[in-house]
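Novice: I have a structure here, written as structure tokens, and I will follow up with some questions on it.
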Amino acid sequence: MAEPFPRTPTFSGYNEPCRIEADVFDLEVEGELPSALEGTFYRCGPDPCFPPRLGDDINLNGDGMVMMFRFAAGHVDMRSRYVRTERFRLERAARRALYGAYRNPFTDDPRVAGKDRTTANTNVVYHAGRLLALKEDGLPHELDPDTLETRGRLDYGGKLQSLTATAHPKTDPASGAMISHGYEARGLATREISLQFISPRGELEREDLFLAPYVSMMHDWAVTARHLVFPLMPTTADAERMRRGGPHWVFEPGLDAQIGILRRDADPADLRWYRAPPCGVGHILNAFSEGDRLYVDIFVSERNQFPFIANADGSPFDRAKSTPRLTRWSFDLSRPAPRFEARTLFGEFMEMPAIDPRYQMHPYRHGFCTAVDRSRPLDVAGTLGVGWNTLVHVDVAAGRLDRYYVGEKTTCQEPCFAPRSPDAPEGEGFILAQLTRFEGHLRTEIIVLDAQRLAAGPIATIRVPFRLRAAVHGHWVPRSVLDAARA
Ligand SMILES: [Fe+2]
């Protein structure tokens with residue numbers, strides 16, 4: 001008999017597992033879908049199949065569920081499927097959770113010792129005709145872009161040495177090449193970082209391994225047209241602690257953050273490490289190089305952002321110091337000193353950024369993110385302890401914000417940008433975002449906004465006839481790109 005899920009915050013209300021693999025043909029649309037919006041909006045997030053082995057769990061440990069919303073001729077069809085990881089298949093066969101705590105294999109059922117632990121639950125990206133479900137503790141899983149059927153783990157024909165690949169690979173808009181990294185590349189709590197260069201045709205061209213100063217939760221990173229940026233924050237892993245049943249991550253307030261910078265064409269021996277006081281680093285909006293200057297626009301908090309990560313000194317989670325703020329790091333690479341400037345661009349509580357992907361790695365003006373507007377009701381607890389209630393357009397050049405408050409009893413997720421056309425000016429296009437509404441029964445909507453007029457509200461709202469669990473990241477893939485790969 002199947003056990004019920006615990007009634008803890010990770011598994012209740014908004015966070016209740018959905019577990020539905022759905023096909024819904026022709027979703028209800030309110031308003032007018034732009035005729036230019038032809039393509040697929042992919043999303044990926046954790047949706048646990050079974051009650052946790054240890055009584056409770058954190059959200060990031062759930063099984064990867066990929067959702068797709070296909071926009072064609074003014075209609076939207078949706079599909080959702082679990083990623084068939086080794087873990088998914090073993091637990092489904094056993095009809096129960098066999099894996100224990102988040103990224104701690106010492107808490108697993110002995111039956112799954114040595115088996116792949118990744119859940120592929122963080123991001124879904126499309127590259128070289130492949131749709132990839134990603135989580136930073138394992139290899140990418142390739143899915144069929146139309147059926148979402150899992151094709152298998154991607155190790156580039158056995159060439160990749162790394163056991164991991166980031167959920168945030170970067171595709172160069174100029175060449176179509178993808179650059180990725182994997183930390184803990186040699187296994188649990190190892191210091192090796194693998195740097196992975198994947199050709200526009202999807203072949204692994206080069207992999208370099210190097211040692212990080214310490215094992216850090218490097219969730220996101222930055223790539224510019226000329227440089228690679230590895231931001232290590234003092235959220236560290238320790239195998240001995242895990243062996244004793246402790247957590248994978250602990251924040252060490254006594255340890256500096258370190259930022260590694262390397263030219264894209266250089267050997268890792270040339271890596272230069274810059275130091276900053278201990279801080280929490282989140283996602284990167286964008287980064288670019290100009291001569292000897294390198295700029296990284298990144299969400300930085302004074303301390304660790306995640307309530308589920310403890311401080312090594314035993315101090316309690318500090319809500320005020322966990323607020324992520326968009327910060328510009330400026331590096332003068334001609335100076336030998338390991339110093340750089342950090343300037344807060346906006347004081348607001350913002351994160352989950354998106355940009356016009358055609359401007360990734362290059363000077364840019366427009367960014368998009370979620371925000372917590374504390375002057376409005378906060379109705380839900382998200383992964384950071386509060387729920388997003390506002391979508392924001394950041395004009396980096398003008399220092400201006402344009403916002404759309406999504407309404408009472410509603411929370412929003414990461415925005416996704418879709419250009420109006422392949423040659424439209426930067427930032428001209430649409431923002432897609434997933435909402436959950438709490439009035440009456442919980443339900444999910446996908447809203448479409450004019451990216452340059454967020455405050456005007458949605459131009460179209462797509463209704464999902466049930467509640468989808470919150471996803472983490474996603475991407476828009478234009479129909480022309482999918483058609484070209486099929487051809
Ligand atoms: Fe992320």
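Every chain in the structure tokens takes a letter, A first, then B, and so on in the order presented; its residues are numbered from 1, and the ligands are numbered from 1 following the presented order.
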Write out as a tab-separated table the residues of region 321-380 of chain A that have any atom within 8 Å of an atom of region 287-299 of chain A, one row each with the nearest atom pair and its distance in Å to one decimal, counting only C-alpha atoms, sorted by chain and then rising number.
Specialist:
```
residue	atom	partner	partner_atom	distance
A:Pro324	CA	A:Phe299	CA	5.3
A:Arg325	CA	A:Phe299	CA	5.0
A:Leu326	CA	A:Phe299	CA	4.5
A:Thr327	CA	A:Ile298	CA	5.3
A:Arg328	CA	A:Asp297	CA	4.5
A:Trp329	CA	A:Val296	CA	5.1
A:Ser330	CA	A:Tyr295	CA	4.7
A:Phe331	CA	A:Leu294	CA	5.1
A:Asp332	CA	A:Arg293	CA	4.8
A:Leu333	CA	A:Asp292	CA	5.2
A:Ser334	CA	A:Asp292	CA	5.9
A:Met350	CA	A:Phe299	CA	7.8
A:Glu351	CA	A:Phe299	CA	6.6
A:Gln360	CA	A:Ala287	CA	7.4
A:Met361	CA	A:Phe288	CA	5.0
A:His362	CA	A:Phe288	CA	4.8
A:Pro363	CA	A:Phe288	CA	5.7
```
Novice: Write to file, as a PDB file, in the first residue's frame, the residues of the selection just made, with N, CA and C atoms.
Specialist:
```pdb
ATOM      1  N   PRO A 324      18.980  38.586  -1.900  1.00  0.00           N
ATOM      2  CA  PRO A 324      19.851  38.729  -3.067  1.00  0.00           C
ATOM      3  C   PRO A 324      19.609  40.070  -3.772  1.00  0.00           C
ATOM      4  N   ARG A 325      20.708  40.756  -4.081  1.00  0.00           N
ATOM      5  CA  ARG A 325      20.599  42.054  -4.773  1.00  0.00           C
ATOM      6  C   ARG A 325      21.457  42.019  -6.033  1.00  0.00           C
ATOM      7  N   LEU A 326      20.925  42.611  -7.095  1.00  0.00           N
ATOM      8  CA  LEU A 326      21.668  42.621  -8.360  1.00  0.00           C
ATOM      9  C   LEU A 326      22.897  43.517  -8.209  1.00  0.00           C
ATOM     10  N   THR A 327      24.049  42.927  -8.404  1.00  0.00           N
ATOM     11  CA  THR A 327      25.335  43.570  -8.118  1.00  0.00           C
ATOM     12  C   THR A 327      26.225  43.467  -9.354  1.00  0.00           C
ATOM     13  N   ARG A 328      26.920  44.552  -9.670  1.00  0.00           N
ATOM     14  CA  ARG A 328      27.877  44.486 -10.791  1.00  0.00           C
ATOM     15  C   ARG A 328      29.284  44.335 -10.250  1.00  0.00           C
ATOM     16  N   TRP A 329      29.928  43.208 -10.579  1.00  0.00           N
ATOM     17  CA  TRP A 329      31.337  43.010 -10.269  1.00  0.00           C
ATOM     18  C   TRP A 329      32.131  43.509 -11.475  1.00  0.00           C
ATOM     19  N   SER A 330      33.133  44.351 -11.208  1.00  0.00           N
ATOM     20  CA  SER A 330      33.991  44.870 -12.284  1.00  0.00           C
ATOM     21  C   SER A 330      35.430  44.451 -12.009  1.00  0.00           C
ATOM     22  N   PHE A 331      36.018  43.760 -12.940  1.00  0.00           N
ATOM     23  CA  PHE A 331      37.397  43.287 -12.809  1.00  0.00           C
ATOM     24  C   PHE A 331      38.267  44.037 -13.803  1.00  0.00           C
ATOM     25  N   ASP A 332      39.392  44.573 -13.321  1.00  0.00           N
ATOM     26  CA  ASP A 332      40.396  45.145 -14.213  1.00  0.00           C
ATOM     27  C   ASP A 332      41.495  44.092 -14.351  1.00  0.00           C
ATOM     28  N   LEU A 333      41.476  43.397 -15.464  1.00  0.00           N
ATOM     29  CA  LEU A 333      42.371  42.237 -15.612  1.00  0.00           C
ATOM     30  C   LEU A 333      43.819  42.658 -15.883  1.00  0.00           C
ATOM     31  N   SER A 334      44.046  43.963 -16.104  1.00  0.00           N
ATOM     32  CA  SER A 334      45.415  44.419 -16.327  1.00  0.00           C
ATOM     33  C   SER A 334      46.145  44.636 -14.996  1.00  0.00           C
ATOM     34  N   MET A 350      15.445  40.544  -5.570  1.00  0.00           N
ATOM     35  CA  MET A 350      15.169  40.001  -6.906  1.00  0.00           C
ATOM     36  C   MET A 350      16.076  38.789  -7.144  1.00  0.00           C
ATOM     37  N   GLU A 351      15.643  37.924  -8.047  1.00  0.00           N
ATOM     38  CA  GLU A 351      16.449  36.758  -8.462  1.00  0.00           C
ATOM     39  C   GLU A 351      15.812  36.137  -9.705  1.00  0.00           C
ATOM     40  N   GLN A 360      23.486  37.182 -24.697  1.00  0.00           N
ATOM     41  CA  GLN A 360      24.265  36.504 -23.671  1.00  0.00           C
ATOM     42  C   GLN A 360      25.751  36.638 -24.005  1.00  0.00           C
ATOM     43  N   MET A 361      26.560  36.924 -22.995  1.00  0.00           N
ATOM     44  CA  MET A 361      28.028  37.057 -23.103  1.00  0.00           C
ATOM     45  C   MET A 361      28.467  38.401 -23.654  1.00  0.00           C
ATOM     46  N   HIS A 362      27.525  39.304 -23.997  1.00  0.00           N
ATOM     47  CA  HIS A 362      27.863  40.565 -24.660  1.00  0.00           C
ATOM     48  C   HIS A 362      27.259  41.750 -23.903  1.00  0.00           C
ATOM     49  N   PRO A 363      27.784  42.977 -24.161  1.00  0.00           N
ATOM     50  CA  PRO A 363      27.143  44.159 -23.568  1.00  0.00           C
ATOM     51  C   PRO A 363      25.654  44.134 -23.884  1.00  0.00           C
TER      52      PRO A 363
END
```
Novice: Enumerate, as number ranges by chain, the complete set of residues in region 119-365 of chain A that a backbone-based DSSP assignment places in helix (DSSP H, G or I).
Specialist: A: 239-243, 268-270, 320-322, 357-359
Novice: Would you put the residues from that selection into a file with N, CA and C atoms, as a compact mmCIF listing (two decimals), in the first residue's frame?
Specialist:
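Result went into result_9.txt, see below:
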```txt
# COMPACT_ATOMS: atom_id res chain seq x y z
N ALA A 239 32.86 15.29 2.82
CA ALA A 239 32.43 13.89 2.77
C ALA A 239 32.33 13.27 4.17
N GLU A 240 33.24 13.66 5.07
CA GLU A 240 33.20 13.11 6.44
C GLU A 240 31.91 13.49 7.15
N ARG A 241 31.53 14.75 6.98
CA ARG A 241 30.26 15.22 7.59
C ARG A 241 29.09 14.40 7.05
N MET A 242 29.11 14.16 5.74
CA MET A 242 28.02 13.38 5.14
C MET A 242 28.01 11.95 5.66
N ARG A 243 29.21 11.39 5.84
CA ARG A 243 29.31 10.01 6.33
C ARG A 243 28.68 9.90 7.72
N PRO A 268 43.86 25.96 -17.88
CA PRO A 268 43.44 26.24 -16.50
C PRO A 268 44.58 26.66 -15.57
N ALA A 269 45.83 26.35 -15.94
CA ALA A 269 46.97 26.80 -15.11
C ALA A 269 47.01 28.32 -15.03
N ASP A 270 46.38 29.00 -16.00
CA ASP A 270 46.36 30.46 -16.01
C ASP A 270 45.22 31.06 -15.19
N ALA A 320 17.43 38.97 6.78
CA ALA A 320 17.80 40.25 6.19
C ALA A 320 19.08 40.11 5.35
N LYS A 321 20.04 39.34 5.86
CA LYS A 321 21.32 39.21 5.15
C LYS A 321 21.26 38.20 4.00
N SER A 322 20.12 37.53 3.86
CA SER A 322 20.01 36.55 2.78
C SER A 322 19.41 37.16 1.52
N PRO A 357 18.48 35.94 -25.13
CA PRO A 357 19.64 35.04 -25.28
C PRO A 357 20.58 35.44 -26.40
N ARG A 358 20.11 36.29 -27.31
CA ARG A 358 20.99 36.73 -28.40
C ARG A 358 22.09 37.66 -27.88
N TYR A 359 21.91 38.18 -26.65
CA TYR A 359 22.88 39.12 -26.06
C TYR A 359 23.67 38.48 -24.92
```
Novice: Could you list, as a PyMOL selection string, all protein and nucleic acid residues with an atom at most 10 Å from ligand 1, counting only C-alpha atoms and all ligand atoms?
Specialist: chain A and resi 122-123+135-136+166-168+218-221+282-284+351-353+414+472-474
Novice: Keeping C-alpha atoms for every residue in the selection just given, could you write it to a file as an mmCIF file, in the first residue's frame?
Specialist:
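The resulting file, out_25.cif, is shown below:
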```cif
data_model
loop_
_atom_site.group_PDB
_atom_site.id
_atom_site.type_symbol
_atom_site.label_atom_id
_atom_site.label_comp_id
_atom_site.auth_asym_id
_atom_site.auth_seq_id
_atom_site.Cartn_x
_atom_site.Cartn_y
_atom_site.Cartn_z
ATOM 1 C CA THR A 122 16.703 21.894 -12.349
ATOM 2 C CA ASN A 123 16.825 23.129 -15.928
ATOM 3 C CA LYS A 135 20.974 18.987 -12.404
ATOM 4 C CA GLU A 136 24.428 19.867 -11.154
ATOM 5 C CA THR A 166 26.005 22.307 -14.381
ATOM 6 C CA ALA A 167 22.301 23.120 -14.813
ATOM 7 C CA HIS A 168 23.491 26.430 -16.297
ATOM 8 C CA MET A 218 28.814 26.783 -7.724
ATOM 9 C CA HIS A 219 25.275 26.662 -9.051
ATOM 10 C CA ASP A 220 25.681 29.315 -11.742
ATOM 11 C CA TRP A 221 28.734 30.796 -13.454
ATOM 12 C CA GLY A 282 23.059 33.295 -6.787
ATOM 13 C CA HIS A 283 22.257 33.457 -10.476
ATOM 14 C CA ILE A 284 24.013 35.583 -13.041
ATOM 15 C CA GLU A 351 16.449 36.758 -8.462
ATOM 16 C CA MET A 352 15.684 34.130 -11.146
ATOM 17 C CA PRO A 353 16.987 36.203 -14.057
ATOM 18 C CA GLU A 414 11.175 32.679 -13.358
ATOM 19 C CA VAL A 472 12.883 25.882 -11.417
ATOM 20 C CA HIS A 473 14.178 26.924 -14.832
ATOM 21 C CA GLY A 474 13.139 26.759 -18.447
#
```
Novice: Which residues are close to Ser315 (chain A), i.e. within 10 Å by only C-alpha atoms, leaving aside same-chain residues fewer than 4 positions away? Reply as a list in words.
Specialist: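 Returned residues: Pro253, Ala310 and Asn311 of chain A.
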Novice: Assign secondary structure with DSSP using the backbone only, and return the residues of region 312-349 of chain A in strand (DSSP E) as a short mmCIF file (atom, residue, chain, number, x, y, z; two decimals) with N, CA and C atoms, in the first residue's frame.
Specialist:
```cif
data_model
loop_
_atom_site.label_atom_id
_atom_site.label_comp_id
_atom_site.auth_asym_id
_atom_site.auth_seq_id
_atom_site.Cartn_x
_atom_site.Cartn_y
_atom_site.Cartn_z
N ARG A 325 20.71 40.76 -4.08
CA ARG A 325 20.60 42.05 -4.77
C ARG A 325 21.46 42.02 -6.03
N LEU A 326 20.92 42.61 -7.09
CA LEU A 326 21.67 42.62 -8.36
C LEU A 326 22.90 43.52 -8.21
N THR A 327 24.05 42.93 -8.40
CA THR A 327 25.34 43.57 -8.12
C THR A 327 26.22 43.47 -9.35
N ARG A 328 26.92 44.55 -9.67
CA ARG A 328 27.88 44.49 -10.79
C ARG A 328 29.28 44.33 -10.25
N TRP A 329 29.93 43.21 -10.58
CA TRP A 329 31.34 43.01 -10.27
C TRP A 329 32.13 43.51 -11.47
N SER A 330 33.13 44.35 -11.21
CA SER A 330 33.99 44.87 -12.28
C SER A 330 35.43 44.45 -12.01
N PHE A 331 36.02 43.76 -12.94
CA PHE A 331 37.40 43.29 -12.81
C PHE A 331 38.27 44.04 -13.80
N ASP A 332 39.39 44.57 -13.32
CA ASP A 332 40.40 45.14 -14.21
C ASP A 332 41.50 44.09 -14.35
N GLU A 341 35.88 45.54 -8.01
CA GLU A 341 34.83 46.41 -7.46
C GLU A 341 33.50 45.68 -7.47
N ALA A 342 32.69 45.95 -6.44
CA ALA A 342 31.33 45.40 -6.39
C ALA A 342 30.38 46.56 -6.11
N ARG A 343 29.41 46.76 -6.98
CA ARG A 343 28.47 47.87 -6.84
C ARG A 343 27.05 47.33 -6.95
N THR A 344 26.21 47.62 -5.94
CA THR A 344 24.82 47.17 -5.98
C THR A 344 24.06 48.00 -7.02
#
```
Novice: Using only C-alpha atoms, which of the listed residues (A:Arg92, A:Tyr82, A:Glu32, A:Asp116) sits closest to Val448 (chain A)?
Specialist: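 Comparing A:Arg92, A:Tyr82, A:Glu32, A:Asp116 against Val448 (chain A), the winner is A:Glu32.
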Novice: With only C-alpha atoms as the basis for distance, which of A:Ala72, A:Leu160, A:Ile446, A:Val112 is at the shortest distance from Val29 (chain A)?
Specialist: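 Residue with the minimum atom-to-atom distance to Val29 (chain A): A:Ile446.
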Novice: List the neighbours of Val66 (chain A) out to 8 Å using only C-alpha atoms; skip same-chain residues closer than 5 positions along the sequence, and give me the result as a list in words.
Specialist: Tyr42, Arg43, Cys44, Gly45, Ser80, Arg81, Tyr82, Val83, Asn121, Val124, Ala133 and Leu148 of chain A
Novice: Write out the residues from the selection above, keeping N, CA and C atoms, as a compact mmCIF listing (two decimals), in the first residue's frame.
Specialist:
```txt
# COMPACT_ATOMS: atom_id res chain seq x y z
N TYR A 42 9.79 25.23 -22.60
CA TYR A 42 10.11 24.06 -21.78
C TYR A 42 10.41 24.50 -20.35
N ARG A 43 10.00 23.69 -19.38
CA ARG A 43 10.28 23.97 -17.96
C ARG A 43 10.71 22.67 -17.28
N CYS A 44 11.47 22.80 -16.22
CA CYS A 44 11.90 21.61 -15.47
C CYS A 44 11.90 21.92 -13.97
N GLY A 45 11.41 20.99 -13.17
CA GLY A 45 11.41 21.20 -11.72
C GLY A 45 11.24 19.91 -10.95
N SER A 80 3.66 16.86 -20.03
CA SER A 80 4.62 16.78 -18.92
C SER A 80 5.03 15.32 -18.74
N ARG A 81 6.31 15.12 -18.48
CA ARG A 81 6.85 13.77 -18.29
C ARG A 81 7.96 13.80 -17.25
N TYR A 82 8.01 12.75 -16.44
CA TYR A 82 9.18 12.57 -15.57
C TYR A 82 10.39 12.21 -16.42
N VAL A 83 11.56 12.67 -15.97
CA VAL A 83 12.81 12.22 -16.57
C VAL A 83 13.09 10.82 -16.02
N ASN A 121 16.49 17.64 -12.21
CA ASN A 121 15.27 18.39 -11.87
C ASN A 121 15.40 19.91 -11.92
N VAL A 124 16.11 22.82 -18.21
CA VAL A 124 16.01 22.11 -19.47
C VAL A 124 16.49 23.06 -20.56
N ALA A 133 17.77 17.65 -19.84
CA ALA A 133 17.33 17.92 -18.46
C ALA A 133 18.57 17.85 -17.58
N LEU A 148 9.08 14.12 -25.10
CA LEU A 148 9.70 14.18 -23.77
C LEU A 148 10.13 12.81 -23.25
```
Novice: Give me, as a ChimeraX atom specification, all polymer residues having an atom no more than 6 Å from region 408-411 of chain A, counting only C-alpha atoms and skipping those fewer than 6 positions away in the same chain.
Specialist: /A:379,388-389,435-438
Novice: Suppose we keep N, CA and C atoms; can you now write the selection as a PDB file, in the first residue's frame?
Specialist:
```pdb
ATOM      1  N   ASP A 379       1.947  35.491  -0.024  1.00  0.00           N
ATOM      2  CA  ASP A 379       1.002  34.419   0.301  1.00  0.00           C
ATOM      3  C   ASP A 379       1.601  33.032   0.291  1.00  0.00           C
ATOM      4  N   TRP A 388       7.713  34.609  -4.799  1.00  0.00           N
ATOM      5  CA  TRP A 388       7.803  35.749  -5.707  1.00  0.00           C
ATOM      6  C   TRP A 388       6.394  36.253  -6.007  1.00  0.00           C
ATOM      7  N   ASN A 389       6.219  37.571  -5.997  1.00  0.00           N
ATOM      8  CA  ASN A 389       4.891  38.103  -6.327  1.00  0.00           C
ATOM      9  C   ASN A 389       4.953  39.153  -7.442  1.00  0.00           C
ATOM     10  N   LEU A 435       2.382  30.979 -13.363  1.00  0.00           N
ATOM     11  CA  LEU A 435       1.765  31.479 -12.130  1.00  0.00           C
ATOM     12  C   LEU A 435       1.028  30.346 -11.433  1.00  0.00           C
ATOM     13  N   THR A 436       0.940  30.437 -10.103  1.00  0.00           N
ATOM     14  CA  THR A 436       0.020  29.569  -9.362  1.00  0.00           C
ATOM     15  C   THR A 436      -0.945  30.460  -8.612  1.00  0.00           C
ATOM     16  N   ARG A 437      -2.236  30.178  -8.766  1.00  0.00           N
ATOM     17  CA  ARG A 437      -3.274  30.954  -8.069  1.00  0.00           C
ATOM     18  C   ARG A 437      -3.869  30.118  -6.945  1.00  0.00           C
ATOM     19  N   PHE A 438      -4.168  30.792  -5.846  1.00  0.00           N
ATOM     20  CA  PHE A 438      -4.621  30.097  -4.632  1.00  0.00           C
ATOM     21  C   PHE A 438      -6.086  30.338  -4.307  1.00  0.00           C
TER      22      PHE A 438
END
```
Novice: Report as a list in words all protein, DNA and RNA residues lying within 7 Å of region 236-238 of chain A, evaluated on only C-alpha atoms, omitting residues in the same chain fewer than 2 positions from it.
Specialist: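 Counting only the stated atoms, we get Ala189, Val215, Ser216, Met217, Pro234, Glu240, Arg241, Met242, His248, Trp249, Val250 and Phe251 of chain A.
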Novice: Write to file, as a PDB file, in the first residue's frame, the residues of the selection just made, with N, CA and C atoms.
Specialist:
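Below you can see again26.pdb, which holds the result:
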```pdb
ATOM      1  N   ALA A 189      32.036  15.461  -3.084  1.00  0.00           N
ATOM      2  CA  ALA A 189      32.877  16.415  -2.346  1.00  0.00           C
ATOM      3  C   ALA A 189      34.318  16.472  -2.863  1.00  0.00           C
ATOM      4  N   VAL A 215      35.665  23.039  -2.088  1.00  0.00           N
ATOM      5  CA  VAL A 215      34.459  22.506  -2.745  1.00  0.00           C
ATOM      6  C   VAL A 215      33.300  23.454  -2.466  1.00  0.00           C
ATOM      7  N   SER A 216      32.783  24.082  -3.497  1.00  0.00           N
ATOM      8  CA  SER A 216      31.749  25.100  -3.314  1.00  0.00           C
ATOM      9  C   SER A 216      30.523  24.772  -4.154  1.00  0.00           C
ATOM     10  N   MET A 217      29.375  25.194  -3.658  1.00  0.00           N
ATOM     11  CA  MET A 217      28.121  25.063  -4.397  1.00  0.00           C
ATOM     12  C   MET A 217      28.114  26.135  -5.499  1.00  0.00           C
ATOM     13  N   PRO A 234      31.346  30.496   0.013  1.00  0.00           N
ATOM     14  CA  PRO A 234      31.751  29.573   1.087  1.00  0.00           C
ATOM     15  C   PRO A 234      30.615  28.668   1.576  1.00  0.00           C
ATOM     16  N   GLU A 240      33.238  13.663   5.069  1.00  0.00           N
ATOM     17  CA  GLU A 240      33.201  13.110   6.435  1.00  0.00           C
ATOM     18  C   GLU A 240      31.906  13.491   7.149  1.00  0.00           C
ATOM     19  N   ARG A 241      31.531  14.752   6.976  1.00  0.00           N
ATOM     20  CA  ARG A 241      30.264  15.223   7.589  1.00  0.00           C
ATOM     21  C   ARG A 241      29.094  14.398   7.051  1.00  0.00           C
ATOM     22  N   MET A 242      29.113  14.160   5.745  1.00  0.00           N
ATOM     23  CA  MET A 242      28.017  13.385   5.141  1.00  0.00           C
ATOM     24  C   MET A 242      28.011  11.948   5.664  1.00  0.00           C
ATOM     25  N   HIS A 248      24.917  17.845   2.930  1.00  0.00           N
ATOM     26  CA  HIS A 248      25.921  18.060   1.883  1.00  0.00           C
ATOM     27  C   HIS A 248      26.559  19.441   2.052  1.00  0.00           C
ATOM     28  N   TRP A 249      25.718  20.469   2.270  1.00  0.00           N
ATOM     29  CA  TRP A 249      26.196  21.855   2.290  1.00  0.00           C
ATOM     30  C   TRP A 249      26.111  22.490   3.661  1.00  0.00           C
ATOM     31  N   VAL A 250      27.138  23.272   3.997  1.00  0.00           N
ATOM     32  CA  VAL A 250      27.129  24.136   5.179  1.00  0.00           C
ATOM     33  C   VAL A 250      27.770  25.454   4.767  1.00  0.00           C
ATOM     34  N   PHE A 251      27.229  26.569   5.242  1.00  0.00           N
ATOM     35  CA  PHE A 251      27.809  27.884   4.935  1.00  0.00           C
ATOM     36  C   PHE A 251      28.861  28.227   5.984  1.00  0.00           C
TER      37      PHE A 251
END
```
Novice: Hey, can you check how far CA of Pro17 (chain A) sits from CA of Asn61 (chain A)?
Specialist: 12.2 Å
Novice: How many Å separate CA of Pro458 (chain A) from CA of Asp483 (chain A)?
Specialist: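 It comes out at 28.1 Å.
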Novice: Could you tell me which of A:Met65, A:Leu232, A:Val396, A:Ala185 comes closest to Ile261 (chain A) if we count only C-alpha atoms?
Specialist: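 Using only C-alpha atoms, Ile261 (chain A) sits closest to A:Leu232.
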Novice: Go through A:Leu271, A:Ile309, A:Leu37, A:Ala266 one by one, measure the shortest atom-to-atom distance of each to Tyr102 (chain A) using only C-alpha atoms, and give the residue with the smallest value.
Specialist: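 Counting only C-alpha atoms, the residue closest to Tyr102 (chain A) is A:Ile309.
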Novice: Calculate how many Å separate CA of Ala22 (chain A) from CA of Ala94 (chain A), rounding to one decimal.
Specialist: 23.0 Å
Novice: Each residue of region 122-171 of chain A with at least one atom at most 10 Å from region 177-183 of chain A should appear once, together with its nearest atom pair and the corresponding distance in Å (one decimal); atoms considered: only C-alpha atoms; ordering: chain, then increasing residue number; output as a tab-separated table.
Specialist:
```
residue	atom	partner	partner_atom	distance
A:His127	CA	A:Met178	CA	7.5
A:Ala128	CA	A:Ala177	CA	8.7
A:Glu136	CA	A:Gly182	CA	6.9
A:Asp137	CA	A:Tyr183	CA	8.1
A:Gly138	CA	A:Gly182	CA	8.5
A:Leu139	CA	A:Gly182	CA	8.8
A:Ser162	CA	A:Gly182	CA	6.6
A:Leu163	CA	A:Gly182	CA	7.5
A:Thr164	CA	A:Gly182	CA	4.7
A:Ala165	CA	A:Gly182	CA	4.1
A:Thr166	CA	A:Gly182	CA	5.3
A:Ala167	CA	A:Ser180	CA	8.7
A:His168	CA	A:Ser180	CA	7.3
A:Pro169	CA	A:Ser180	CA	4.5
A:Lys170	CA	A:Ile179	CA	5.3
A:Thr171	CA	A:Met178	CA	4.2
```
Novice: The selected residues should be written to file as a short mmCIF file (atom, residue, chain, number, x, y, z; two decimals), in the first residue's frame (atoms: N, CA and C atoms).
Specialist:
```cif
data_model
loop_
_atom_site.label_atom_id
_atom_site.label_comp_id
_atom_site.auth_asym_id
_atom_site.auth_seq_id
_atom_site.Cartn_x
_atom_site.Cartn_y
_atom_site.Cartn_z
N HIS A 127 20.16 22.17 -27.17
CA HIS A 127 21.42 22.46 -27.86
C HIS A 127 21.70 21.37 -28.89
N ALA A 128 22.07 21.79 -30.08
CA ALA A 128 22.49 20.87 -31.16
C ALA A 128 21.45 19.76 -31.37
N GLU A 136 22.97 19.74 -11.28
CA GLU A 136 24.43 19.87 -11.15
C GLU A 136 25.11 18.68 -10.47
N ASP A 137 24.36 17.73 -9.92
CA ASP A 137 25.02 16.59 -9.26
C ASP A 137 25.14 15.37 -10.16
N GLY A 138 24.84 15.52 -11.45
CA GLY A 138 24.94 14.36 -12.33
C GLY A 138 25.10 14.80 -13.77
N LEU A 139 25.04 13.83 -14.68
CA LEU A 139 25.17 14.13 -16.10
C LEU A 139 23.82 14.59 -16.66
N SER A 162 34.07 13.90 -16.52
CA SER A 162 33.35 14.43 -15.38
C SER A 162 32.10 13.60 -15.08
N LEU A 163 31.78 13.50 -13.79
CA LEU A 163 30.54 12.82 -13.38
C LEU A 163 29.40 13.81 -13.28
N THR A 164 29.69 15.11 -13.50
CA THR A 164 28.66 16.13 -13.31
C THR A 164 28.71 17.17 -14.43
N ALA A 165 27.59 17.87 -14.58
CA ALA A 165 27.52 19.02 -15.50
C ALA A 165 26.52 20.00 -14.91
N THR A 166 26.85 21.27 -14.98
CA THR A 166 26.01 22.31 -14.38
C THR A 166 24.62 22.35 -15.02
N ALA A 167 23.64 22.86 -14.26
CA ALA A 167 22.30 23.12 -14.81
C ALA A 167 22.29 24.43 -15.60
N HIS A 168 23.43 25.15 -15.59
CA HIS A 168 23.49 26.43 -16.30
C HIS A 168 24.63 26.47 -17.31
N PRO A 169 24.58 25.59 -18.34
CA PRO A 169 25.54 25.72 -19.44
C PRO A 169 25.22 27.00 -20.22
N LYS A 170 26.21 27.52 -20.92
CA LYS A 170 26.01 28.78 -21.66
C LYS A 170 26.25 28.53 -23.15
N THR A 171 25.29 28.93 -23.96
CA THR A 171 25.44 28.78 -25.40
C THR A 171 25.86 30.12 -26.00
#
```
Novice: Set the distance at 10 Å and use only C-alpha atoms: which residues neighbour Leu432 (chain A) once local chain neighbours fewer than 5 positions away are removed? I'd like the list as an MDAnalysis selection string.
Specialist: chainID A and resid 41 413:418 446:451 458 460:461 475:476
